[in-house]
$ cat my_file30.txt   # compact mmCIF, C-alpha atoms
# COMPACT_ATOMS: atom_id res chain seq x y z
CA MET A 1 18.56 19.17 27.43
CA ASP A 2 21.09 21.99 27.21
CA GLU A 3 20.84 22.20 23.40
CA GLU A 4 18.90 24.93 21.60
CA TYR A 5 16.20 23.94 19.11
CA ASP A 6 14.30 25.67 16.34
CA VAL A 7 10.97 24.34 17.65
CA ILE A 8 9.74 22.64 20.81
CA VAL A 9 6.47 20.72 20.34
CA LEU A 10 4.42 19.92 23.46
CA GLY A 11 1.98 17.01 23.37
CA THR A 12 1.96 14.04 21.00
CA GLY A 13 -1.58 14.38 19.72
CA LEU A 14 -2.11 13.88 16.00
CA THR A 15 -2.06 17.63 15.22
CA GLU A 16 1.24 18.13 17.04
CA CYS A 17 2.86 15.00 15.55
CA ILE A 18 1.92 15.94 11.99
CA LEU A 19 3.42 19.40 12.57
CA SER A 20 6.63 18.06 14.11
CA GLY A 21 6.99 15.65 11.17
CA LEU A 22 6.39 18.37 8.57
CA LEU A 23 8.75 20.84 10.28
CA SER A 24 11.48 18.20 10.60
CA VAL A 25 11.15 17.50 6.86
CA GLU A 26 11.50 21.28 6.31
CA GLY A 27 14.90 21.09 8.05
CA LYS A 28 13.86 22.43 11.46
CA LYS A 29 15.58 21.07 14.58
CA VAL A 30 12.62 19.77 16.60
CA LEU A 31 12.32 18.62 20.23
CA HIS A 32 9.00 16.89 20.95
CA MET A 33 7.92 16.41 24.59
CA ASP A 34 4.91 14.85 26.30
CA ARG A 35 3.95 14.53 29.97
CA ASN A 36 2.39 11.11 29.25
CA ASP A 37 4.33 7.87 28.83
CA TYR A 38 2.44 7.07 25.61
CA TYR A 39 1.93 8.75 22.25
CA GLY A 40 -1.31 10.37 21.18
CA GLY A 41 -2.30 12.76 23.99
CA GLU A 42 -6.05 13.32 23.69
CA SER A 43 -6.10 11.24 20.47
CA ALA A 44 -4.33 8.18 21.94
CA SER A 45 -5.37 4.53 21.58
CA LEU A 46 -5.05 2.69 24.89
CA ASN A 47 -4.68 -0.97 25.75
CA LEU A 48 -7.14 -2.41 28.25
CA THR A 49 -4.98 -1.77 31.33
CA GLN A 50 -4.25 1.85 30.32
CA PHE A 51 -7.92 2.35 29.46
CA PHE A 52 -9.18 1.18 32.87
CA ARG A 53 -6.37 3.09 34.63
CA LYS A 54 -7.64 6.27 32.95
CA PHE A 55 -11.37 5.78 33.56
CA ARG A 56 -11.57 3.48 36.61
CA PRO A 57 -8.23 3.54 38.44
CA ASN A 58 -9.46 1.23 41.21
CA GLN A 59 -10.84 -1.47 38.95
CA SER A 60 -9.10 -4.21 36.96
CA PRO A 61 -10.39 -5.05 33.47
CA PRO A 62 -12.88 -7.97 33.47
CA THR A 63 -11.21 -11.21 32.35
CA ASP A 64 -13.96 -12.00 29.83
CA LEU A 65 -12.82 -9.03 27.70
CA GLY A 66 -9.75 -10.99 26.64
CA ARG A 67 -6.07 -10.14 26.47
CA ASP A 68 -4.72 -6.72 27.29
CA ARG A 69 -2.58 -6.57 24.15
CA ASP A 70 -5.57 -7.15 21.85
CA TYR A 71 -6.88 -3.68 22.64
CA ALA A 72 -6.20 -0.23 21.22
CA VAL A 73 -9.25 1.79 22.27
CA ASP A 74 -9.46 5.27 20.72
CA LEU A 75 -10.23 8.16 23.06
CA ILE A 76 -11.36 10.35 20.14
CA PRO A 77 -13.55 8.69 17.49
CA LYS A 78 -12.70 9.77 13.95
CA PHE A 79 -12.48 8.09 10.55
CA ILE A 80 -10.32 9.07 7.59
CA ILE A 81 -12.04 10.26 4.41
CA ALA A 82 -10.40 8.28 1.59
CA SER A 83 -9.88 11.28 -0.72
CA GLY A 84 -9.45 13.84 2.07
CA GLU A 85 -6.63 16.10 3.15
CA LEU A 86 -5.16 13.72 5.75
CA VAL A 87 -4.58 11.06 3.08
CA LYS A 88 -2.83 13.72 0.97
CA ILE A 89 -0.49 14.50 3.90
CA LEU A 90 0.15 10.77 4.45
CA VAL A 91 1.14 10.45 0.77
CA HIS A 92 3.13 13.72 0.75
CA THR A 93 5.25 12.68 3.73
CA ASP A 94 5.47 8.98 2.78
CA VAL A 95 4.08 8.13 6.24
CA LEU A 96 1.61 5.87 4.42
CA ARG A 97 4.28 3.11 4.39
CA TYR A 98 4.15 2.80 8.21
CA LEU A 99 0.41 2.15 8.28
CA GLU A 100 -2.13 -0.44 7.19
CA PHE A 101 -5.72 0.58 6.58
CA LYS A 102 -9.04 -1.17 6.43
CA GLN A 103 -12.24 0.17 5.02
CA ILE A 104 -15.17 1.06 7.28
CA ALA A 105 -17.91 -1.31 6.17
CA GLY A 106 -20.85 1.08 6.01
CA SER A 107 -22.17 4.57 6.58
CA PHE A 108 -25.70 4.88 7.97
CA VAL A 109 -28.10 7.72 8.70
CA TYR A 110 -30.98 7.94 11.18
CA LYS A 111 -34.38 9.02 9.86
CA ASN A 112 -37.88 8.72 11.32
CA GLY A 113 -36.83 6.46 14.17
CA LYS A 114 -34.69 3.96 12.25
CA ILE A 115 -31.30 3.73 10.56
CA SER A 116 -30.72 3.23 6.84
CA LYS A 117 -27.54 2.71 4.85
CA VAL A 118 -26.22 5.69 2.92
CA PRO A 119 -26.45 4.28 -0.63
CA SER A 120 -23.09 3.51 -2.24
CA THR A 121 -24.39 2.28 -5.62
CA GLU A 122 -27.27 3.17 -7.97
CA VAL A 123 -28.95 -0.13 -7.09
CA GLU A 124 -28.77 0.72 -3.35
CA ALA A 125 -30.08 4.22 -4.10
CA ALA A 126 -33.06 2.81 -6.00
CA ARG A 127 -33.94 0.48 -3.10
CA SER A 128 -33.20 2.92 -0.28
CA PRO A 129 -36.10 3.76 2.07
CA LEU A 130 -34.60 7.20 2.74
CA MET A 131 -36.74 8.85 0.03
CA GLY A 132 -40.00 8.25 -1.79
CA LEU A 133 -40.14 7.62 -5.53
CA PHE A 134 -40.72 11.22 -6.66
CA GLU A 135 -38.19 12.59 -4.18
CA LYS A 136 -35.59 10.14 -5.56
CA TYR A 137 -36.20 11.63 -9.00
CA ARG A 138 -35.67 15.18 -7.68
CA ALA A 139 -32.57 14.10 -5.73
CA ARG A 140 -31.16 12.45 -8.85
CA LYS A 141 -31.55 15.74 -10.72
CA PHE A 142 -29.67 17.49 -7.89
CA PHE A 143 -26.77 15.01 -7.99
CA GLU A 144 -26.64 15.15 -11.80
CA PHE A 145 -26.37 18.94 -11.48
CA LEU A 146 -23.42 18.60 -9.08
CA GLN A 147 -21.75 15.98 -11.25
CA GLY A 148 -22.21 18.02 -14.41
CA TRP A 149 -21.10 21.37 -12.94
CA LYS A 150 -18.35 22.95 -15.04
CA GLU A 151 -16.96 26.23 -13.77
CA GLU A 152 -16.34 27.64 -17.25
CA ASP A 153 -19.67 26.51 -18.76
CA PRO A 154 -22.69 28.60 -17.63
CA ALA A 155 -25.02 26.14 -19.35
CA THR A 156 -24.28 23.67 -16.51
CA HIS A 157 -25.13 26.22 -13.78
CA GLN A 158 -28.94 26.25 -14.23
CA GLY A 159 -28.92 29.93 -13.26
CA LEU A 160 -27.28 29.22 -9.88
CA ASN A 161 -24.13 30.88 -8.53
CA LEU A 162 -22.36 28.68 -5.96
CA ASP A 163 -20.39 31.64 -4.57
CA LYS A 164 -23.43 33.87 -4.06
CA ASP A 165 -26.52 31.70 -3.76
CA SER A 166 -27.17 30.00 -0.43
CA MET A 167 -27.54 26.25 -0.09
CA ARG A 168 -31.17 26.91 0.86
CA LYS A 169 -31.73 28.43 -2.60
CA VAL A 170 -30.10 25.41 -4.28
CA TYR A 171 -32.35 23.03 -2.33
CA GLN A 172 -35.42 25.11 -3.28
CA HIS A 173 -34.35 25.13 -6.94
CA PHE A 174 -34.57 21.32 -6.97
CA GLY A 175 -37.64 21.19 -4.69
CA LEU A 176 -35.92 18.92 -2.14
CA GLU A 177 -37.84 17.97 1.02
CA PRO A 178 -36.48 18.82 4.53
CA GLY A 179 -35.62 15.13 5.17
CA THR A 180 -33.56 15.01 1.97
CA GLN A 181 -31.84 18.27 2.93
CA ASP A 182 -30.94 16.66 6.28
CA PHE A 183 -29.50 13.65 4.47
CA ILE A 184 -27.44 15.73 2.03
CA GLY A 185 -26.19 18.30 4.56
CA HIS A 186 -25.36 15.90 7.37
CA ALA A 187 -24.76 12.40 5.93
CA LEU A 188 -22.89 13.57 2.80
CA ALA A 189 -21.56 17.09 3.46
CA LEU A 190 -20.98 16.06 7.12
CA TYR A 191 -22.04 19.33 8.71
CA LEU A 192 -22.57 19.25 12.48
CA ASP A 193 -25.49 21.70 12.39
CA ASP A 194 -27.67 23.65 9.94
CA ASP A 195 -25.71 26.92 9.88
CA TYR A 196 -24.41 26.01 6.41
CA ILE A 197 -27.87 26.29 4.83
CA ASN A 198 -27.81 30.11 4.72
CA LYS A 199 -24.20 30.34 3.52
CA PRO A 200 -22.95 30.29 -0.11
CA ALA A 201 -23.32 26.79 -1.60
CA ARG A 202 -19.70 26.44 -2.77
CA GLU A 203 -18.35 24.72 0.37
CA THR A 204 -21.29 22.29 0.51
CA TYR A 205 -20.72 21.43 -3.16
CA GLU A 206 -17.03 20.72 -2.45
CA ARG A 207 -17.87 18.59 0.62
CA ILE A 208 -20.37 16.46 -1.31
CA VAL A 209 -17.84 15.98 -4.13
CA LEU A 210 -15.24 14.89 -1.52
CA TYR A 211 -17.69 12.37 -0.06
CA THR A 212 -18.76 10.93 -3.42
CA THR A 213 -15.18 10.66 -4.80
CA SER A 214 -14.11 8.95 -1.55
CA MET A 215 -17.06 6.57 -1.85
CA ALA A 216 -16.17 5.84 -5.49
CA ARG A 217 -12.59 5.09 -4.45
CA TRP A 218 -13.44 2.31 -2.00
CA GLY A 219 -17.01 1.23 -2.71
CA LYS A 220 -18.94 0.46 0.47
CA SER A 221 -18.18 3.65 2.41
CA PRO A 222 -15.93 6.71 2.02
CA TYR A 223 -13.98 5.98 5.22
CA ILE A 224 -10.79 4.11 6.01
CA TYR A 225 -9.26 3.38 9.41
CA PRO A 226 -5.74 2.32 10.50
CA LEU A 227 -5.22 -1.17 11.89
CA TYR A 228 -4.31 -1.06 15.63
CA GLY A 229 -6.22 2.20 16.17
CA LEU A 230 -5.89 5.90 15.54
CA GLY A 231 -2.92 6.06 17.94
CA GLU A 232 -0.87 4.62 15.06
CA LEU A 233 -1.19 7.95 13.22
CA PRO A 234 0.71 10.20 15.68
CA GLN A 235 3.33 7.46 16.19
CA SER A 236 3.92 7.24 12.44
CA PHE A 237 4.43 10.99 12.12
CA ALA A 238 6.76 10.83 15.16
CA ARG A 239 8.79 8.22 13.26
CA LEU A 240 8.96 10.58 10.28
CA SER A 241 10.23 13.39 12.53
CA ALA A 242 12.87 11.08 14.04
CA ILE A 243 14.11 10.06 10.56
CA TYR A 244 14.72 13.76 9.84
CA GLY A 245 16.53 14.36 13.14
CA GLY A 246 13.67 15.13 15.54
CA THR A 247 14.19 14.27 19.25
CA TYR A 248 11.40 12.73 21.40
CA MET A 249 10.95 12.75 25.18
CA LEU A 250 7.92 10.99 26.68
CA ASP A 251 6.96 10.94 30.37
CA LYS A 252 8.51 14.39 30.79
CA PRO A 253 6.62 16.79 33.09
CA ILE A 254 6.35 20.33 31.72
CA ASP A 255 6.69 22.61 34.75
CA GLU A 256 6.99 26.03 33.14
CA ILE A 257 6.83 27.86 29.82
CA VAL A 258 9.83 30.21 30.16
CA LEU A 259 9.42 33.67 28.65
CA ASN A 260 11.81 36.47 27.70
CA LYS A 261 11.40 39.92 29.31
CA ASP A 262 9.30 41.07 26.35
CA GLY A 263 6.85 38.18 26.90
CA SER A 264 8.04 36.12 23.94
CA PHE A 265 8.84 32.42 24.19
CA ALA A 266 12.29 31.48 25.51
CA GLY A 267 12.09 27.81 26.50
CA VAL A 268 10.50 25.04 28.54
CA ARG A 269 11.44 23.97 32.08
CA SER A 270 11.12 20.35 33.23
CA GLY A 271 12.29 19.93 36.83
CA SER A 272 15.68 21.65 37.15
CA GLU A 273 16.37 21.52 33.39
CA THR A 274 15.45 24.22 30.89
CA VAL A 275 15.60 23.73 27.14
CA ARG A 276 15.54 26.72 24.80
CA ALA A 277 14.03 27.20 21.35
CA LYS A 278 12.91 29.91 18.95
CA MET A 279 9.25 28.89 19.21
CA VAL A 280 6.85 26.43 20.80
CA ILE A 281 3.84 24.56 19.38
CA GLY A 282 1.55 22.70 21.74
CA ASP A 283 -1.94 21.55 22.63
CA PRO A 284 -4.12 23.72 24.92
CA SER A 285 -3.48 21.56 28.02
CA TYR A 286 0.09 22.93 28.20
CA PHE A 287 -1.09 26.56 28.13
CA GLY A 288 -3.61 26.90 30.92
CA ALA A 289 -6.51 25.17 29.12
CA GLY A 290 -8.99 27.97 29.82
CA LYS A 291 -7.22 29.34 32.92
CA ALA A 292 -4.70 32.17 33.04
CA ALA A 293 -1.09 31.02 32.72
CA GLU A 294 1.65 31.73 35.31
CA ASP A 295 2.30 35.13 33.71
CA GLY A 296 -1.39 36.03 34.17
CA LYS A 297 -2.09 35.87 30.44
CA LEU A 298 -5.09 33.95 29.11
CA ARG A 299 -3.89 31.95 26.11
CA VAL A 300 -6.83 29.64 25.34
CA VAL A 301 -10.59 29.94 25.88
CA GLU A 302 -13.29 27.30 26.12
CA ASP A 303 -15.47 27.15 23.03
CA GLY A 304 -18.02 24.48 23.96
CA LYS A 305 -17.81 20.88 25.16
CA VAL A 306 -18.01 17.44 23.55
CA VAL A 307 -19.61 14.45 25.30
CA ARG A 308 -18.32 11.02 24.28
CA ALA A 309 -19.47 7.59 25.47
CA ILE A 310 -17.05 4.74 24.72
CA CYS A 311 -19.22 1.63 24.73
CA ILE A 312 -18.07 -1.99 24.74
CA LEU A 313 -20.52 -4.30 22.95
CA LYS A 314 -20.60 -8.06 22.45
CA HIS A 315 -22.55 -7.83 19.19
CA PRO A 316 -22.68 -5.66 16.05
CA ILE A 317 -25.05 -2.68 16.12
CA PRO A 318 -28.61 -3.89 15.29
CA GLY A 319 -29.89 -2.91 11.85
CA THR A 320 -26.45 -2.54 10.25
CA ASP A 321 -26.37 -5.88 8.37
CA GLU A 322 -23.98 -7.36 10.97
CA SER A 323 -21.31 -4.84 9.85
CA ASP A 324 -17.94 -5.10 11.63
CA SER A 325 -17.54 -1.30 11.44
CA VAL A 326 -19.93 1.58 10.82
CA GLN A 327 -20.56 5.23 11.08
CA ILE A 328 -24.08 6.32 12.01
CA ILE A 329 -25.13 9.97 11.78
CA ILE A 330 -28.21 11.19 13.64
CA PRO A 331 -29.05 14.58 12.04
CA GLN A 332 -30.01 17.16 14.66
CA ASN A 333 -33.48 17.81 13.23
CA GLN A 334 -34.37 14.14 13.70
CA VAL A 335 -33.95 14.43 17.50
CA ASN A 336 -34.77 18.14 18.02
CA ARG A 337 -31.20 19.26 18.63
CA ARG A 338 -28.89 21.92 17.27
CA ASN A 339 -25.97 19.51 16.67
CA ASP A 340 -25.76 16.03 15.15
CA ILE A 341 -25.01 12.89 17.16
CA TYR A 342 -22.31 10.58 15.75
CA ILE A 343 -21.70 6.89 16.30
CA ALA A 344 -18.40 5.31 15.23
CA MET A 345 -17.96 1.57 15.68
CA VAL A 346 -14.92 -0.65 15.03
CA SER A 347 -14.07 -4.23 15.99
CA SER A 348 -11.44 -6.97 16.09
CA THR A 349 -11.25 -6.73 12.28
CA HIS A 350 -9.32 -3.50 12.87
CA LYS A 351 -7.08 -5.03 15.57
CA VAL A 352 -8.46 -2.74 18.29
CA CYS A 353 -10.20 -5.27 20.55
CA ALA A 354 -10.59 -8.98 21.20
CA GLU A 355 -12.60 -11.33 18.97
CA HIS A 356 -16.41 -10.90 19.20
CA ILE A 357 -16.02 -7.51 20.92
CA TYR A 358 -17.16 -4.24 19.30
CA VAL A 359 -16.21 -0.73 20.41
CA ALA A 360 -18.76 2.00 19.65
CA ILE A 361 -18.28 5.66 20.53
CA VAL A 362 -21.29 7.98 20.65
CA SER A 363 -20.52 11.71 20.64
CA THR A 364 -22.03 15.15 20.20
CA ILE A 365 -21.53 18.79 21.14
CA VAL A 366 -23.00 19.50 24.59
CA GLU A 367 -26.09 21.73 24.56
CA THR A 368 -27.51 21.27 28.08
CA SER A 369 -26.44 20.70 31.69
CA ALA A 370 -27.11 16.94 31.31
CA PRO A 371 -24.66 15.83 28.59
CA GLU A 372 -25.21 12.08 28.97
CA ASN A 373 -28.94 12.49 28.34
CA GLU A 374 -28.12 14.19 25.05
CA ILE A 375 -26.51 11.07 23.58
CA GLN A 376 -29.38 8.75 24.62
CA PRO A 377 -30.76 8.55 21.03
CA GLY A 378 -27.35 7.20 19.96
CA LEU A 379 -26.96 4.84 22.94
CA HIS A 380 -30.46 3.51 22.28
CA LEU A 381 -29.39 2.34 18.79
CA LEU A 382 -26.52 0.21 20.15
CA GLY A 383 -28.68 -2.52 21.68
CA SER A 384 -27.34 -4.20 24.82
CA ILE A 385 -24.25 -2.36 26.17
CA TYR A 386 -21.69 -4.47 28.07
CA ASP A 387 -19.96 -1.42 29.58
CA LYS A 388 -19.82 2.31 29.00
CA PHE A 389 -17.30 5.06 29.79
CA VAL A 390 -18.50 8.67 29.48
CA THR A 391 -16.31 11.77 29.19
CA VAL A 392 -17.12 15.44 28.76
CA SER A 393 -14.21 17.35 27.20
CA PRO A 394 -13.94 21.10 26.73
CA ILE A 395 -13.09 22.38 23.24
CA TYR A 396 -10.32 24.97 23.59
CA THR A 397 -9.40 27.62 21.04
CA PRO A 398 -6.23 29.78 21.18
CA VAL A 399 -6.72 33.50 21.83
CA ALA A 400 -3.78 34.74 19.72
CA ASP A 401 -2.12 33.62 16.49
CA GLY A 402 1.32 33.27 18.14
CA LYS A 403 3.17 35.49 15.69
CA GLN A 404 4.16 38.03 18.38
CA ASP A 405 5.23 35.75 21.24
CA HIS A 406 6.15 32.67 19.12
CA ILE A 407 3.71 30.52 21.11
CA TYR A 408 1.56 28.57 18.64
CA ILE A 409 -1.32 26.69 20.24
CA THR A 410 -3.37 24.04 18.44
CA ARG A 411 -7.12 23.53 18.79
CA SER A 412 -8.88 20.80 20.75
CA TYR A 413 -10.44 17.95 18.77
CA ASP A 414 -14.00 18.80 17.77
CA ALA A 415 -17.07 16.59 17.45
CA THR A 416 -16.72 15.96 13.71
CA SER A 417 -16.43 12.33 12.64
CA HIS A 418 -13.39 12.83 10.40
CA PHE A 419 -9.96 14.51 10.33
CA GLU A 420 -10.58 17.37 7.89
CA THR A 421 -10.74 20.02 10.66
CA VAL A 422 -7.54 18.61 12.22
CA VAL A 423 -5.75 19.09 8.88
CA GLU A 424 -7.14 22.64 8.58
CA ASP A 425 -5.54 23.40 11.96
CA VAL A 426 -2.24 21.82 10.83
CA GLN A 427 -2.24 23.93 7.64
CA ASP A 428 -3.10 27.07 9.60
CA VAL A 429 -0.33 26.61 12.22
CA PHE A 430 2.20 25.59 9.53
CA LYS A 431 1.52 28.79 7.58
CA ARG A 432 1.92 30.97 10.69
CA VAL A 433 5.16 29.21 11.69
CA MET A 434 6.76 28.94 8.24
CA GLY A 435 5.26 32.02 6.56
CA LYS A 436 4.15 29.93 3.58
CA ASP A 437 1.36 27.54 2.64
CA LEU A 438 1.81 23.81 3.13
CA GLU A 439 2.16 22.41 -0.37
CA LEU A 440 1.22 18.76 -0.62
CA LYS A 441 3.07 16.76 -3.23
CA LYS A 442 4.69 13.34 -3.41
CA ARG A 443 8.11 13.84 -1.91
CA GLU A 444 11.25 11.79 -2.52
CA SER A 445 12.22 9.98 0.69
CA ASP A 446 15.72 11.45 0.47
CA ALA A 447 16.46 11.09 4.18
CA GLU A 448 16.63 7.30 3.84
CA GLN A 449 18.60 7.11 0.62
$ encode --input "my_file30.txt" --output "structure tokens"
Amino acid sequence: MDEEYDVIVLGTGLTECILSGLLSVEGKKVLHMDRNDYYGGESASLNLTQFFRKFRPNQSPPTDLGRDRDYAVDLIPKFIIASGELVKILVHTDVLRYLEFKQIAGSFVYKNGKISKVPSTEVEAARSPLMGLFEKYRARKFFEFLQGWKEEDPATHQGLNLDKDSMRKVYQHFGLEPGTQDFIGHALALYLDDDYINKPARETYERIVLYTTSMARWGKSPYIYPLYGLGELPQSFARLSAIYGGTYMLDKPIDEIVLNKDGSFAGVRSGSETVRAKMVIGDPSYFGAGKAAEDGKLRVVEDGKVVRAICILKHPIPGTDESDSVQIIIPQNQVNRRNDIYIAMVSSTHKVCAEHIYVAIVSTIVETSAPENEIQPGLHLLGSIYDKFVTVSPIYTPVADGKQDHIYITRSYDATSHFETVVEDVQDVFKRVMGKDLELKKRESDAEQ
């Protein structure tokens, strides 16, 4: 550990591993360290023994759950949007070759006390109970407008300006009912709350286009998921970093962030060893996580909490056509909340649990002092629950951009059901570190030739 590096990366969460991979490809000498003995940090996938050790240290896993090695239980539930930014990074870095994906069987939305499939074909749309006959006609006009929009042709704009007019005005223009607005804003544009409705419509338009192009790419739903769990993602980017010369150290306690006299980053101390580098990138847990660091400086602040219930089921979720994997969105207006509730379920089809076992994770942003009560509408939809493990995790945001002290801190994982916000954070940190935008293109795998 007496070498000097360009970058030290702390934590092997997905954000940190993507960054270490990208920076290694850029020619940076990277040292990647983690206090845990497994990859993934907060976004790890754990086998049954690791999972029980984390949540119930004094209890052994029940034997009727099957073999330890059949499990890779995600701590953070997220799916990959097929045409989204994470897929572009996987293609750009050629990490795609380390992974196998399977489609998520269906996307569902909760309305008026029951769940319905988000239509993936015109036939499904015609039969869907989500809207009445006349509302379907109005919604079709709305989607035809989005599909036909051409930036350079004002005739396709119907007098609307996506950069100036709010989404509320667009909804009013087409006479869409509140329930349809819920469906579009939350099940298609995937907003967590209704703040978007008073903002310019451009972002919502782009989000709906992303959803529909992803749906068109795969058919049944817009989501894909890696076999053997989300923990495969950080490991694959770690492999990329190693190919380009990156060094990895797991199970390495981080005892001190060493600073120069001017307060800028100098290195990292682990036990009696100190390793030096020009800069550090790391997740909030290595920088005080809401408390002042050793030097008295507050580096990250808490920006809300997420409650997650990891539920083990012995049956598919009722009302989902026996699907082996689903996403269910409960729009906040349907349950008198400010934020949506998400359900993500996967099964042995995805090599994350034993045969005939299903793993469903219910999550939302905490709004009250009784977080578990807030996810009851989601838990209620699961039917009989074999076992349940509840966590409440703070969402941390860095205070500074890191340009002065060369300490670049990533954000905690939010309550969204996909990885788009993770990639936004990757792009943001990359730009601050490298001084240029991350350009995604298919890259020759020159390191292996």
$ closest_residue --input "my_file30.txt" --among "A:Thr397, A:Ser325, A:Thr121, A:Asn336" --to "Glu367 of chain A" --atoms "all atoms listed in the file"
A:Asn336
$ atom_distance --input "my_file30.txt" --atom1 "atom CA of Thr410 of chain A" --atom2 "atom CA of Glu85 of chain A"
17.5 Å
$ residues_around --input "my_file30.txt" --residues "Ser384 of chain A" --least-positions-apart "3" --cutoff "9 Å" --atoms "only C-alpha atoms" --output "tab-separated table (two decimals) with C-alpha atoms, in the coordinates of the input"
chain	number	residue	atom	x	y	z
A	313	LEU	CA	-20.52	-4.30	22.95
A	314	LYS	CA	-20.60	-8.06	22.45
A	315	HIS	CA	-22.55	-7.83	19.19
A	380	HIS	CA	-30.46	3.51	22.28
$ residues_around --input "my_file30.txt" --residues "Phe52 of chain A" --least-positions-apart "5" --cutoff "10 Å" --atoms "only C-alpha atoms" --output "number ranges by chain"
A: 46-47, 57-62, 389
$ residues_around --input "my_file30.txt" --residues "Arg239 of chain A" --least-positions-apart "2" --cutoff "12 Å" --atoms "all atoms listed in the file" --output "MDAnalysis selection string"
chainID A and resid 12 17:18 20:22 24:25 32 39 93:99 232:237 241:248
$ closest_residue --input "my_file30.txt" --among "A:Gly179, A:Thr156, A:Ile80, A:Arg168" --to "Ala139 of chain A" --atoms "all atoms listed in the file"
A:Gly179
$ closest_residue --input "my_file30.txt" --among "A:Gly132, A:Gly175, A:Pro371, A:Pro284" --to "Tyr408 of chain A" --atoms "all atoms listed in the file"
A:Pro284
$ closest_residue --input "my_file30.txt" --among "A:Val301, A:Val268, A:Leu86, A:Met345" --to "Glu424 of chain A" --atoms "all atoms listed in the file"
A:Leu86
$ closest_residue --input "my_file30.txt" --among "A:Lys54, A:Arg69, A:Arg207, A:His186" --to "Ser107 of chain A" --atoms "only C-alpha atoms"
A:His186
$ atom_distance --input "my_file30.txt" --atom1 "atom CA of Ser45 of chain A" --atom2 "atom CA of Pro77 of chain A"
10.0 Å
$ closest_residue --input "my_file30.txt" --among "A:Ile81, A:Glu374, A:Ile357, A:Val307" --to "Val392 of chain A" --atoms "all atoms listed in the file"
A:Val307
$ atom_distance --input "my_file30.txt" --atom1 "atom CA of Tyr205 of chain A" --atom2 "atom CA of Ala105 of chain A"
24.7 Å
$ residues_near_point --input "my_file30.txt" --point "(-12.2, 8.1, 6.7)" --cutoff "10 Å" --atoms "all atoms listed in the file" --output "ChimeraX atom specification"
/A:78-84,86-87,101-104,211,214-215,221-226,327,417-420
$ residues_around --input "my_file30.txt" --residues "Ile343 of chain A" --least-positions-apart "3" --cutoff "6 Å" --atoms "all atoms listed in the file" --output "PDB file with C-alpha atoms, in the coordinates of the input"
ATOM      1  CA  GLN A 327     -20.560   5.230  11.080  1.00  0.00           C
ATOM      2  CA  ILE A 328     -24.080   6.320  12.010  1.00  0.00           C
ATOM      3  CA  ILE A 361     -18.280   5.660  20.530  1.00  0.00           C
ATOM      4  CA  VAL A 362     -21.290   7.980  20.650  1.00  0.00           C
TER       5      VAL A 362
END
$ residues_near_point --input "my_file30.txt" --point "(-3.2, -0.8, 16.1)" --cutoff "7 Å" --atoms "all atoms listed in the file" --output "PDB file with C-alpha atoms, keeping the file's coordinate frame"
ATOM      1  CA  ALA A  72      -6.200  -0.230  21.220  1.00  0.00           C
ATOM      2  CA  PRO A 226      -5.740   2.320  10.500  1.00  0.00           C
ATOM      3  CA  LEU A 227      -5.220  -1.170  11.890  1.00  0.00           C
ATOM      4  CA  TYR A 228      -4.310  -1.060  15.630  1.00  0.00           C
ATOM      5  CA  GLY A 229      -6.220   2.200  16.170  1.00  0.00           C
ATOM      6  CA  GLU A 232      -0.870   4.620  15.060  1.00  0.00           C
ATOM      7  CA  LYS A 351      -7.080  -5.030  15.570  1.00  0.00           C
ATOM      8  CA  VAL A 352      -8.460  -2.740  18.290  1.00  0.00           C
TER       9      VAL A 352
END
$ decode --input "my_file30.txt" --residues "segment 418-426 of chain A" --atoms "N, CA and C atoms" --output "PDB file, in the first residue's frame"
ATOM      1  N   HIS A 418     -35.649   2.211 -10.658  1.00  0.00           N
ATOM      2  CA  HIS A 418     -34.751   1.970 -11.793  1.00  0.00           C
ATOM      3  C   HIS A 418     -33.417   2.661 -11.516  1.00  0.00           C
ATOM      4  N   PHE A 419     -32.480   2.552 -12.467  1.00  0.00           N
ATOM      5  CA  PHE A 419     -31.113   3.029 -12.242  1.00  0.00           C
ATOM      6  C   PHE A 419     -30.805   4.387 -12.885  1.00  0.00           C
ATOM      7  N   GLU A 420     -31.817   5.065 -13.416  1.00  0.00           N
ATOM      8  CA  GLU A 420     -31.526   6.306 -14.150  1.00  0.00           C
ATOM      9  C   GLU A 420     -30.879   7.364 -13.246  1.00  0.00           C
ATOM     10  N   THR A 421     -31.334   7.471 -11.982  1.00  0.00           N
ATOM     11  CA  THR A 421     -30.751   8.476 -11.078  1.00  0.00           C
ATOM     12  C   THR A 421     -29.331   8.093 -10.664  1.00  0.00           C
ATOM     13  N   VAL A 422     -29.051   6.777 -10.602  1.00  0.00           N
ATOM     14  CA  VAL A 422     -27.685   6.311 -10.304  1.00  0.00           C
ATOM     15  C   VAL A 422     -26.740   6.774 -11.417  1.00  0.00           C
ATOM     16  N   VAL A 423     -27.193   6.612 -12.668  1.00  0.00           N
ATOM     17  CA  VAL A 423     -26.358   7.005 -13.811  1.00  0.00           C
ATOM     18  C   VAL A 423     -26.167   8.524 -13.849  1.00  0.00           C
ATOM     19  N   GLU A 424     -27.206   9.274 -13.485  1.00  0.00           N
ATOM     20  CA  GLU A 424     -27.065  10.742 -13.407  1.00  0.00           C
ATOM     21  C   GLU A 424     -25.952  11.110 -12.430  1.00  0.00           C
ATOM     22  N   ASP A 425     -25.898  10.413 -11.295  1.00  0.00           N
ATOM     23  CA  ASP A 425     -24.856  10.672 -10.290  1.00  0.00           C
ATOM     24  C   ASP A 425     -23.475  10.301 -10.849  1.00  0.00           C
ATOM     25  N   VAL A 426     -23.402   9.163 -11.551  1.00  0.00           N
ATOM     26  CA  VAL A 426     -22.140   8.750 -12.182  1.00  0.00           C
ATOM     27  C   VAL A 426     -21.661   9.826 -13.159  1.00  0.00           C
TER      28      VAL A 426
END
